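One file, data-v4.pdb, is given below (PDB, C-alpha atoms).
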MODEL        1
ATOM      1  CA  MET A1047     188.466  57.540  80.326
ATOM      2  CA  LYS A1048     187.004  58.826  77.087
ATOM      3  CA  TYR A1049     185.181  57.330  74.130
ATOM      4  CA  ASP A1050     184.202  57.969  70.546
ATOM      5  CA  ILE A1051     181.309  56.560  68.557
ATOM      6  CA  LYS A1052     180.934  56.403  64.782
ATOM      7  CA  VAL A1053     177.780  55.241  63.039
ATOM      8  CA  LYS A1054     177.519  54.868  59.280
ATOM      9  CA  VAL A1055     174.435  53.954  57.313
ATOM     10  CA  GLY A1056     173.829  53.123  53.675
ATOM     11  CA  LYS A1057     172.121  50.888  51.207
ATOM     12  CA  ASP A1058     174.739  48.620  49.638
ATOM     13  CA  GLU A1059     177.701  50.443  51.148
ATOM     14  CA  LEU A1060     178.187  52.289  54.434
ATOM     15  CA  SER A1061     178.175  55.550  52.535
ATOM     16  CA  PHE A1062     176.489  58.045  54.846
ATOM     17  CA  GLY A1063     177.909  59.340  58.115
ATOM     18  CA  LYS A1064     179.457  62.254  59.973
ATOM     19  CA  GLY A1065     181.591  63.576  57.098
ATOM     20  CA  VAL A1066     178.790  63.882  54.547
ATOM     21  CA  ILE A1067     176.416  65.278  57.181
ATOM     22  CA  LEU A1068     178.865  67.991  58.214
ATOM     23  CA  LEU A1069     179.385  68.943  54.584
ATOM     24  CA  MET A1070     175.612  69.110  54.048
ATOM     25  CA  GLN A1071     175.107  71.242  57.153
ATOM     26  CA  LYS A1072     177.651  73.721  55.872
ATOM     27  CA  VAL A1073     176.090  73.743  52.396
ATOM     28  CA  GLU A1074     172.782  74.560  54.107
ATOM     29  CA  LYS A1075     174.476  77.392  56.004
ATOM     30  CA  TYR A1076     176.444  78.952  53.131
ATOM     31  CA  GLY A1077     174.447  77.925  50.046
ATOM     32  CA  SER A1078     177.745  76.890  48.514
ATOM     33  CA  LEU A1079     179.605  73.606  48.283
ATOM     34  CA  SER A1080     183.010  75.214  47.914
ATOM     35  CA  ALA A1081     182.449  77.386  51.004
ATOM     36  CA  ALA A1082     181.396  74.203  52.825
ATOM     37  CA  TYR A1083     184.447  72.074  52.055
ATOM     38  CA  LYS A1084     186.830  74.987  52.486
ATOM     39  CA  GLU A1085     185.570  75.600  56.020
ATOM     40  CA  MET A1086     186.144  71.922  56.756
ATOM     41  CA  ASN A1087     189.678  72.082  55.321
ATOM     42  CA  MET A1088     188.524  69.398  52.906
ATOM     43  CA  SER A1089     189.690  69.241  49.302
ATOM     44  CA  SER A1090     187.232  69.599  46.450
ATOM     45  CA  SER A1091     188.034  66.080  45.259
ATOM     46  CA  LYS A1092     187.443  64.559  48.702
ATOM     47  CA  ALA A1093     184.126  66.426  49.061
ATOM     48  CA  TRP A1094     182.907  65.202  45.661
ATOM     49  CA  LYS A1095     184.145  61.712  46.404
ATOM     50  CA  ILE A1096     182.149  61.294  49.627
ATOM     51  CA  LEU A1097     179.106  63.035  48.134
ATOM     52  CA  ASN A1098     179.096  60.912  44.983
ATOM     53  CA  LYS A1099     179.630  57.741  46.958
ATOM     54  CA  ALA A1100     176.606  58.527  49.140
ATOM     55  CA  GLN A1101     174.431  59.691  46.255
ATOM     56  CA  ASN A1102     175.237  56.645  44.105
ATOM     57  CA  ASP A1103     174.638  54.274  46.981
ATOM     58  CA  LEU A1104     171.420  55.876  48.246
ATOM     59  CA  GLY A1105     170.053  56.328  44.738
ATOM     60  CA  PHE A1106     169.114  59.994  45.024
ATOM     61  CA  ALA A1107     170.764  63.394  44.967
ATOM     62  CA  LEU A1108     171.655  65.081  48.257
ATOM     63  CA  LEU A1109     172.463  68.485  46.753
ATOM     64  CA  GLU A1110     171.067  70.546  43.902
ATOM     65  CA  SER A1111     172.500  73.608  42.222
ATOM     66  CA  HIS A1112     170.545  76.648  41.135
ATOM     67  CA  ALA A1113     171.982  78.886  38.460
ATOM     68  CA  GLY A1114     171.471  82.601  38.350
ATOM     69  CA  GLY A1115     172.335  85.874  39.979
ATOM     70  CA  LYS A1116     175.594  87.733  39.749
ATOM     71  CA  ASP A1117     177.147  85.499  42.449
ATOM     72  CA  GLY A1118     176.844  82.500  40.153
ATOM     73  CA  GLY A1119     173.937  80.628  41.706
ATOM     74  CA  SER A1120     173.743  78.532  44.821
ATOM     75  CA  THR A1121     173.758  74.953  46.058
ATOM     76  CA  ARG A1122     171.063  73.629  48.343
ATOM     77  CA  LEU A1123     169.994  70.357  49.892
ATOM     78  CA  THR A1124     167.370  68.373  48.033
ATOM     79  CA  ALA A1125     164.191  67.465  49.939
ATOM     80  CA  LYS A1126     165.372  63.838  50.140
ATOM     81  CA  GLY A1127     168.812  64.987  51.234
ATOM     82  CA  LYS A1128     167.305  67.064  54.016
ATOM     83  CA  GLU A1129     165.098  64.168  55.054
ATOM     84  CA  ILE A1130     167.891  61.597  55.395
ATOM     85  CA  MET A1131     170.080  64.120  57.200
ATOM     86  CA  GLU A1132     167.311  64.777  59.714
ATOM     87  CA  LYS A1133     166.607  61.066  60.187
ATOM     88  CA  TYR A1134     170.289  60.384  60.790
ATOM     89  CA  ASN A1135     170.614  63.292  63.214
ATOM     90  CA  SER A1136     167.516  62.261  65.180
ATOM     91  CA  MET A1137     168.768  58.694  65.370
ATOM     92  CA  MET A1138     172.224  59.853  66.469
ATOM     93  CA  ALA A1139     170.795  62.132  69.173
ATOM     94  CA  GLU A1140     169.228  59.060  70.781
ATOM     95  CA  ILE A1141     172.252  56.801  70.268
ATOM     96  CA  ASP A1142     174.690  59.455  71.524
ATOM     97  CA  LYS A1143     172.713  59.968  74.716
ATOM     98  CA  PHE A1144     172.401  56.236  75.359
ATOM     99  CA  THR A1145     176.115  55.683  74.659
ATOM    100  CA  PHE A1146     177.116  58.509  76.994
ATOM    101  CA  ASP A1147     175.040  57.016  79.830
ATOM    102  CA  THR A1148     176.215  53.458  79.188
ATOM    103  CA  PHE A1149     179.862  54.503  78.959
ATOM    104  CA  GLN A1150     179.508  56.292  82.321
ATOM    105  CA  LYS A1151     177.961  53.203  83.852
ATOM    106  CA  TYR A1152     180.814  50.887  82.850
ATOM    107  CA  PHE A1153     183.859  53.141  82.790
ATOM    108  CA  GLU A1154     183.320  56.079  85.086
ATOM    109  CA  LYS A1155     181.226  54.936  88.028
ATOM    110  CA  GLY A1156     183.215  53.870  91.054
ATOM    111  CA  GLU A1157     186.629  54.438  89.541
TER     112      GLU A1157
ATOM    113  CA  MET B1050     169.313  50.000  54.593
ATOM    114  CA  LYS B1051     172.196  48.830  56.747
ATOM    115  CA  TYR B1052     174.422  50.361  59.397
ATOM    116  CA  ASP B1053     177.686  49.908  61.226
ATOM    117  CA  ILE B1054     178.730  51.180  64.630
ATOM    118  CA  LYS B1055     182.257  51.585  65.990
ATOM    119  CA  VAL B1056     183.000  52.566  69.567
ATOM    120  CA  LYS B1057     186.511  53.174  70.819
ATOM    121  CA  VAL B1058     187.546  53.929  74.388
ATOM    122  CA  GLY B1059     190.810  54.968  75.983
ATOM    123  CA  LYS B1060     192.542  57.199  78.448
ATOM    124  CA  ASP B1061     194.477  59.840  76.507
ATOM    125  CA  GLU B1062     193.948  58.221  73.121
ATOM    126  CA  LEU B1063     191.087  56.170  71.654
ATOM    127  CA  SER B1064     193.256  53.093  71.902
ATOM    128  CA  PHE B1065     190.847  50.273  72.727
ATOM    129  CA  GLY B1066     188.186  48.864  70.415
ATOM    130  CA  LYS B1067     187.075  45.983  68.219
ATOM    131  CA  GLY B1068     190.521  45.131  66.794
ATOM    132  CA  VAL B1069     192.295  44.730  70.132
ATOM    133  CA  ILE B1070     189.302  42.900  71.617
ATOM    134  CA  LEU B1071     189.189  40.371  68.778
ATOM    135  CA  LEU B1072     192.915  39.771  69.159
ATOM    136  CA  MET B1073     192.488  39.270  72.917
ATOM    137  CA  GLN B1074     189.603  36.854  72.423
ATOM    138  CA  LYS B1075     191.712  34.746  70.114
ATOM    139  CA  VAL B1076     194.668  34.830  72.525
ATOM    140  CA  GLU B1077     192.277  33.557  75.193
ATOM    141  CA  LYS B1078     191.162  30.767  72.855
ATOM    142  CA  TYR B1079     194.574  29.650  71.578
ATOM    143  CA  GLY B1080     196.941  30.685  74.369
ATOM    144  CA  SER B1081     199.149  32.169  71.683
ATOM    145  CA  LEU B1082     199.501  35.645  70.227
ATOM    146  CA  SER B1083     200.877  34.414  66.906
ATOM    147  CA  ALA B1084     197.982  31.970  66.458
ATOM    148  CA  ALA B1085     195.641  34.879  67.247
ATOM    149  CA  TYR B1086     196.938  37.360  64.692
ATOM    150  CA  LYS B1087     197.424  34.678  62.058
ATOM    151  CA  GLU B1088     193.778  33.679  62.305
ATOM    152  CA  MET B1089     192.842  37.334  61.848
ATOM    153  CA  ASN B1090     195.133  37.642  58.801
ATOM    154  CA  MET B1091     196.885  40.373  60.761
ATOM    155  CA  SER B1092     200.646  40.916  60.601
ATOM    156  CA  SER B1093     202.792  40.532  63.678
ATOM    157  CA  SER B1094     203.795  44.193  63.491
ATOM    158  CA  LYS B1095     200.182  45.375  63.275
ATOM    159  CA  ALA B1096     199.188  43.166  66.231
ATOM    160  CA  TRP B1097     202.017  44.503  68.376
ATOM    161  CA  LYS B1098     201.264  48.046  67.271
ATOM    162  CA  ILE B1099     197.619  48.023  68.388
ATOM    163  CA  LEU B1100     198.461  46.099  71.565
ATOM    164  CA  ASN B1101     201.281  48.434  72.565
ATOM    165  CA  LYS B1102     199.191  51.495  71.785
ATOM    166  CA  ALA B1103     196.398  50.241  74.061
ATOM    167  CA  GLN B1104     198.753  49.090  76.821
ATOM    168  CA  ASN B1105     200.719  52.333  76.833
ATOM    169  CA  ASP B1106     197.568  54.411  76.851
ATOM    170  CA  LEU B1107     195.701  52.404  79.494
ATOM    171  CA  GLY B1108     198.788  52.090  81.698
ATOM    172  CA  PHE B1109     198.624  48.342  82.242
ATOM    173  CA  ALA B1110     199.439  45.112  80.382
ATOM    174  CA  LEU B1111     196.670  43.288  78.546
ATOM    175  CA  LEU B1112     198.670  40.113  77.893
ATOM    176  CA  GLU B1113     201.256  38.133  79.805
ATOM    177  CA  SER B1114     203.543  35.368  78.623
ATOM    178  CA  HIS B1115     204.398  32.237  80.541
ATOM    179  CA  ALA B1116     207.549  30.361  79.685
ATOM    180  CA  GLY B1117     207.910  26.620  79.898
ATOM    181  CA  GLY B1118     206.938  23.357  78.322
ATOM    182  CA  LYS B1119     208.205  21.912  75.096
ATOM    183  CA  ASP B1120     205.757  24.041  73.086
ATOM    184  CA  GLY B1121     207.537  27.202  74.236
ATOM    185  CA  GLY B1122     205.104  28.571  76.798
ATOM    186  CA  SER B1123     201.841  30.426  76.351
ATOM    187  CA  THR B1124     200.301  33.885  76.287
ATOM    188  CA  ARG B1125     197.279  34.755  78.405
ATOM    189  CA  LEU B1126     195.198  37.776  79.292
ATOM    190  CA  THR B1127     196.142  39.619  82.465
ATOM    191  CA  ALA B1128     193.419  40.059  85.102
ATOM    192  CA  LYS B1129     193.163  43.746  84.185
ATOM    193  CA  GLY B1130     193.080  42.879  80.503
ATOM    194  CA  LYS B1131     190.237  40.454  81.077
ATOM    195  CA  GLU B1132     188.396  43.021  83.166
ATOM    196  CA  ILE B1133     188.513  45.837  80.588
ATOM    197  CA  MET B1134     187.567  43.414  77.804
ATOM    198  CA  GLU B1135     184.524  42.283  79.773
ATOM    199  CA  LYS B1136     183.525  45.863  80.610
ATOM    200  CA  TYR B1137     183.793  46.879  76.967
ATOM    201  CA  ASN B1138     181.830  43.830  75.786
ATOM    202  CA  SER B1139     179.061  44.392  78.348
ATOM    203  CA  MET B1140     178.838  48.057  77.379
ATOM    204  CA  MET B1141     178.755  47.162  73.675
ATOM    205  CA  ALA B1142     176.033  44.552  74.159
ATOM    206  CA  GLU B1143     173.783  47.308  75.496
ATOM    207  CA  ILE B1144     174.820  49.894  72.890
ATOM    208  CA  ASP B1145     174.485  47.409  70.011
ATOM    209  CA  LYS B1146     170.986  46.450  71.047
ATOM    210  CA  PHE B1147     169.910  50.066  71.457
ATOM    211  CA  THR B1148     171.463  51.049  68.115
ATOM    212  CA  PHE B1149     169.759  48.168  66.326
ATOM    213  CA  ASP B1150     166.358  49.213  67.698
ATOM    214  CA  THR B1151     166.921  52.911  67.004
ATOM    215  CA  PHE B1152     168.154  52.264  63.471
ATOM    216  CA  GLN B1153     165.014  50.182  62.788
ATOM    217  CA  LYS B1154     162.844  52.983  64.131
ATOM    218  CA  TYR B1155     164.284  55.631  61.820
ATOM    219  CA  PHE B1156     165.331  53.699  58.724
ATOM    220  CA  GLU B1157     163.301  50.526  58.431
ATOM    221  CA  LYS B1158     159.823  51.202  59.776
ATOM    222  CA  GLY B1159     157.308  52.213  57.193
ATOM    223  CA  GLU B1160     159.681  52.065  54.260
TER     224      GLU B1160
ENDMDL
END
In C-alpha cells, write the structure found in this file.
Amino acid sequence: MKYDIKVKVGKDELSFGKGVILLMQKVEKYGSLSAAYKEMNMSSSKAWKILNKAQNDLGFALLESHAGGKDGGSTRLTAKGKEIMEKYNSMMAEIDKFTFDTFQKYFEKGE
Amino acid sequence: MKYDIKVKVGKDELSFGKGVILLMQKVEKYGSLSAAYKEMNMSSSKAWKILNKAQNDLGFALLESHAGGKDGGSTRLTAKGKEIMEKYNSMMAEIDKFTFDTFQKYFEKGE
C-alpha cells in the first residue's frame, strides 16, 4: 500500500501549499522566476496565478524583483516569504514523519 | 490562518480517500447507493467512477447488493470494505489530531 498527503494553509483561502513552495525554492536557487517555472514545466500564467492567489490571500509579497546588471536583474524571496516557507516546511517535516509512522501502523504492519 | 489536509491511500493508485469514504458512510446509513450519492449531490457516474477505481485498485469489492423485498433490495458494505474504511478512519483520527496541534504550533501561537 502507498499513500499521499497534501496540506494547504491560508488566511481566507487555502492558498499556500506544495506548488507555491516548490516555485519559491527554485526562485531561491536560480534567482529567477522564469527559470523556476520552466524547470517545473509550469506555464508563466499558472506560476503567476498561484503566486498572486497566495500573495493576495496572505496579504504580503512572497517575491521581490531587483533591477540591474546586464542579465536584467533578479528575483528573490521577501523576508516574509522566506519566513512562511520555513514555517510550512518545518510543520510539514513533523506531519510527514507522523503520517509515515501512522500509515505503517494501520496499513503495513501484519499484512 | 486555516489549513486543510487530504490523505489518499491505495495499492497501485491513490484510489481511496475522503470521497469514497463519505459515499460508503452514507451507503451504510441508507442501505442504498443512489440515496448516498444523491445526498452528496454527486452524479451516479461520478459515484461509480470513484468506487470502481478504488475497487479495481484495492482488488476487492467495497459494496455488495442484496436483492429482494418490494423496495428492490439494498446495498451494504462488504466486510473488507468496512475494514479498510475503519482502518483509514482510525489512521485519520490520529493524523488529524497531530496536524491540528502542529498547525497551531507553527501558525497560531504568538501571532
Checklist entry - Written as a ChimeraX atom specification, what is the full residue list that the PyMOL selection byres ((chain B and resi 1082-1085) around 12) yields on the file shown? => result /B:1068-1081,1086-1097,1100,1111-1115,1122-1126
Those residues with C-alpha atoms, as a CSV table (one decimal), in the coordinates of the input please?
chain,number,residue,atom,x,y,z
B,1068,GLY,CA,190.5,45.1,66.8
B,1069,VAL,CA,192.3,44.7,70.1
B,1070,ILE,CA,189.3,42.9,71.6
B,1071,LEU,CA,189.2,40.4,68.8
B,1072,LEU,CA,192.9,39.8,69.2
B,1073,MET,CA,192.5,39.3,72.9
B,1074,GLN,CA,189.6,36.9,72.4
B,1075,LYS,CA,191.7,34.7,70.1
B,1076,VAL,CA,194.7,34.8,72.5
B,1077,GLU,CA,192.3,33.6,75.2
B,1078,LYS,CA,191.2,30.8,72.9
B,1079,TYR,CA,194.6,29.6,71.6
B,1080,GLY,CA,196.9,30.7,74.4
B,1081,SER,CA,199.1,32.2,71.7
B,1086,TYR,CA,196.9,37.4,64.7
B,1087,LYS,CA,197.4,34.7,62.1
B,1088,GLU,CA,193.8,33.7,62.3
B,1089,MET,CA,192.8,37.3,61.8
B,1090,ASN,CA,195.1,37.6,58.8
B,1091,MET,CA,196.9,40.4,60.8
B,1092,SER,CA,200.6,40.9,60.6
B,1093,SER,CA,202.8,40.5,63.7
B,1094,SER,CA,203.8,44.2,63.5
B,1095,LYS,CA,200.2,45.4,63.3
B,1096,ALA,CA,199.2,43.2,66.2
B,1097,TRP,CA,202.0,44.5,68.4
B,1100,LEU,CA,198.5,46.1,71.6
B,1111,LEU,CA,196.7,43.3,78.5
B,1112,LEU,CA,198.7,40.1,77.9
B,1113,GLU,CA,201.3,38.1,79.8
B,1114,SER,CA,203.5,35.4,78.6
B,1115,HIS,CA,204.4,32.2,80.5
B,1122,GLY,CA,205.1,28.6,76.8
B,1123,SER,CA,201.8,30.4,76.4
B,1124,THR,CA,200.3,33.9,76.3
B,1125,ARG,CA,197.3,34.8,78.4
B,1126,LEU,CA,195.2,37.8,79.3
Chain A least-squares fitted onto chain B over all paired C-alpha atoms, as a compact mmCIF listing (two decimals) with C-alpha atoms, in the coordinates of the input:
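So the final result, stored in part19.txt, reads:
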# COMPACT_ATOMS: atom_id res chain seq x y z
CA MET A 1047 169.29 50.02 54.61
CA LYS A 1048 172.17 48.84 56.76
CA TYR A 1049 174.41 50.37 59.40
CA ASP A 1050 177.67 49.91 61.22
CA ILE A 1051 178.72 51.17 64.63
CA LYS A 1052 182.24 51.57 65.99
CA VAL A 1053 183.01 52.54 69.57
CA LYS A 1054 186.52 53.17 70.83
CA VAL A 1055 187.54 53.92 74.38
CA GLY A 1056 190.81 54.96 75.98
CA LYS A 1057 192.53 57.19 78.44
CA ASP A 1058 194.47 59.83 76.50
CA GLU A 1059 193.95 58.21 73.12
CA LEU A 1060 191.09 56.17 71.65
CA SER A 1061 193.25 53.08 71.90
CA PHE A 1062 190.85 50.26 72.72
CA GLY A 1063 188.19 48.87 70.41
CA LYS A 1064 187.09 45.99 68.20
CA GLY A 1065 190.52 45.12 66.79
CA VAL A 1066 192.30 44.73 70.13
CA ILE A 1067 189.31 42.90 71.62
CA LEU A 1068 189.21 40.38 68.78
CA LEU A 1069 192.93 39.76 69.15
CA MET A 1070 192.51 39.25 72.91
CA GLN A 1071 189.61 36.85 72.42
CA LYS A 1072 191.73 34.75 70.11
CA VAL A 1073 194.68 34.84 72.51
CA GLU A 1074 192.29 33.56 75.19
CA LYS A 1075 191.17 30.77 72.84
CA TYR A 1076 194.59 29.65 71.57
CA GLY A 1077 196.95 30.70 74.38
CA SER A 1078 199.15 32.18 71.68
CA LEU A 1079 199.52 35.65 70.21
CA SER A 1080 200.89 34.43 66.90
CA ALA A 1081 197.99 31.98 66.47
CA ALA A 1082 195.66 34.89 67.26
CA TYR A 1083 196.95 37.37 64.69
CA LYS A 1084 197.43 34.69 62.06
CA GLU A 1085 193.77 33.68 62.30
CA MET A 1086 192.84 37.33 61.85
CA ASN A 1087 195.13 37.64 58.81
CA MET A 1088 196.89 40.37 60.76
CA SER A 1089 200.64 40.92 60.58
CA SER A 1090 202.80 40.54 63.66
CA SER A 1091 203.79 44.20 63.48
CA LYS A 1092 200.18 45.38 63.27
CA ALA A 1093 199.18 43.17 66.22
CA TRP A 1094 202.03 44.52 68.38
CA LYS A 1095 201.27 48.05 67.27
CA ILE A 1096 197.62 48.01 68.38
CA LEU A 1097 198.47 46.09 71.56
CA ASN A 1098 201.29 48.44 72.56
CA LYS A 1099 199.20 51.49 71.78
CA ALA A 1100 196.42 50.23 74.06
CA GLN A 1101 198.76 49.08 76.81
CA ASN A 1102 200.73 52.35 76.83
CA ASP A 1103 197.57 54.41 76.85
CA LEU A 1104 195.70 52.40 79.49
CA GLY A 1105 198.78 52.08 81.68
CA PHE A 1106 198.64 48.33 82.22
CA ALA A 1107 199.45 45.13 80.38
CA LEU A 1108 196.68 43.29 78.54
CA LEU A 1109 198.67 40.12 77.88
CA GLU A 1110 201.27 38.15 79.81
CA SER A 1111 203.56 35.39 78.63
CA HIS A 1112 204.42 32.26 80.55
CA ALA A 1113 207.58 30.39 79.69
CA GLY A 1114 207.93 26.66 79.92
CA GLY A 1115 206.91 23.38 78.40
CA LYS A 1116 208.14 21.88 75.18
CA ASP A 1117 205.71 24.05 73.16
CA GLY A 1118 207.54 27.17 74.28
CA GLY A 1119 205.12 28.61 76.82
CA SER A 1120 201.87 30.43 76.37
CA THR A 1121 200.32 33.89 76.31
CA ARG A 1122 197.31 34.75 78.41
CA LEU A 1123 195.22 37.77 79.30
CA THR A 1124 196.15 39.61 82.46
CA ALA A 1125 193.42 40.04 85.10
CA LYS A 1126 193.16 43.74 84.19
CA GLY A 1127 193.09 42.87 80.51
CA LYS A 1128 190.24 40.44 81.07
CA GLU A 1129 188.39 43.01 83.15
CA ILE A 1130 188.51 45.82 80.58
CA MET A 1131 187.58 43.40 77.80
CA GLU A 1132 184.53 42.27 79.76
CA LYS A 1133 183.52 45.84 80.61
CA TYR A 1134 183.80 46.85 76.96
CA ASN A 1135 181.84 43.81 75.79
CA SER A 1136 179.06 44.37 78.34
CA MET A 1137 178.84 48.02 77.36
CA MET A 1138 178.77 47.13 73.66
CA ALA A 1139 176.03 44.52 74.15
CA GLU A 1140 173.78 47.28 75.48
CA ILE A 1141 174.81 49.87 72.89
CA ASP A 1142 174.48 47.39 70.00
CA LYS A 1143 170.97 46.44 71.04
CA PHE A 1144 169.89 50.06 71.46
CA THR A 1145 171.45 51.04 68.11
CA PHE A 1146 169.74 48.16 66.32
CA ASP A 1147 166.33 49.21 67.70
CA THR A 1148 166.89 52.90 67.01
CA PHE A 1149 168.13 52.26 63.48
CA GLN A 1150 164.99 50.19 62.81
CA LYS A 1151 162.82 52.98 64.14
CA TYR A 1152 164.27 55.64 61.84
CA PHE A 1153 165.32 53.72 58.74
CA GLU A 1154 163.27 50.57 58.44
CA LYS A 1155 159.79 51.27 59.77
CA GLY A 1156 157.27 52.30 57.16
CA GLU A 1157 159.65 52.20 54.22
Next on the checklist: One decimal, in Å: what's the spacing between atom CA of Gly1108 of chain B and atom CA of Glu1062 of chain B?
Outcome noted: 11.6 Å
Checklist entry - Which residues match the PyMOL selection byres ((chain B and resi 1130) around 9) in the file above, as a PyMOL selection string? => result chain B and resi 1073+1109-1112+1126-1129+1131-1135
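Proximity to chain B at a cut-off of 6 Å picks out A:Met1047, A:Lys1048, A:Tyr1049, A:Asp1050, A:Ile1051, A:Lys1052, A:Val1053, A:Lys1054, A:Val1055, A:Gly1056, A:Lys1057 on chain A, counting all atoms listed in the file.
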Checklist entry - So how many Å separate atom CA of Lys1095 of chain A and atom CA of Ala1113 of chain A, to one decimal? => result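 Taking atom CA of Lys1095 of chain A and atom CA of Ala1113 of chain A, their separation equals 22.5 Å.
One finds atom CA of Ala1142 of chain B at 22.4 Å from atom CA of Asn1135 of chain A.
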Reconstructed N, CA, C and O atoms for segment 1075-1087 of chain A, given as a tab-separated table (two decimals), keeping the file's coordinate frame:
chain	number	residue	atom	x	y	z
A	1075	LYS	N	174.14	76.10	55.39
A	1075	LYS	CA	174.48	77.39	56.00
A	1075	LYS	C	174.93	78.42	54.98
A	1075	LYS	O	174.52	79.58	55.01
A	1076	TYR	N	175.81	77.99	54.04
A	1076	TYR	CA	176.44	78.95	53.13
A	1076	TYR	C	175.80	79.00	51.74
A	1076	TYR	O	176.09	79.91	50.97
A	1077	GLY	N	175.00	77.98	51.40
A	1077	GLY	CA	174.45	77.92	50.05
A	1077	GLY	C	175.51	77.67	48.99
A	1077	GLY	O	175.34	78.00	47.81
A	1078	SER	N	176.61	77.07	49.42
A	1078	SER	CA	177.74	76.89	48.51
A	1078	SER	C	178.56	75.68	48.94
A	1078	SER	O	178.94	75.55	50.10
A	1079	LEU	N	178.81	74.79	47.96
A	1079	LEU	CA	179.60	73.61	48.28
A	1079	LEU	C	181.07	73.97	48.52
A	1079	LEU	O	181.71	73.43	49.42
A	1080	SER	N	181.59	74.90	47.74
A	1080	SER	CA	183.01	75.21	47.91
A	1080	SER	C	183.26	75.91	49.26
A	1080	SER	O	184.25	75.65	49.93
A	1081	ALA	N	182.31	76.77	49.67
A	1081	ALA	CA	182.45	77.39	51.00
A	1081	ALA	C	182.40	76.31	52.09
A	1081	ALA	O	183.12	76.38	53.09
A	1082	ALA	N	181.56	75.29	51.85
A	1082	ALA	CA	181.40	74.20	52.82
A	1082	ALA	C	182.69	73.42	53.01
A	1082	ALA	O	183.19	73.26	54.12
A	1083	TYR	N	183.26	72.92	51.89
A	1083	TYR	CA	184.45	72.07	52.06
A	1083	TYR	C	185.66	72.88	52.47
A	1083	TYR	O	186.53	72.39	53.17
A	1084	LYS	N	185.70	74.15	52.06
A	1084	LYS	CA	186.83	74.99	52.49
A	1084	LYS	C	186.81	75.18	54.00
A	1084	LYS	O	187.84	75.11	54.66
A	1085	GLU	N	185.63	75.41	54.56
A	1085	GLU	CA	185.57	75.60	56.02
A	1085	GLU	C	185.96	74.33	56.77
A	1085	GLU	O	186.41	74.38	57.91
A	1086	MET	N	185.76	73.19	56.12
A	1086	MET	CA	186.14	71.92	56.76
A	1086	MET	C	187.59	71.55	56.47
A	1086	MET	O	188.04	70.47	56.86
A	1087	ASN	N	188.33	72.41	55.79
A	1087	ASN	CA	189.68	72.08	55.32
A	1087	ASN	C	189.69	70.78	54.53
A	1087	ASN	O	190.60	69.96	54.66
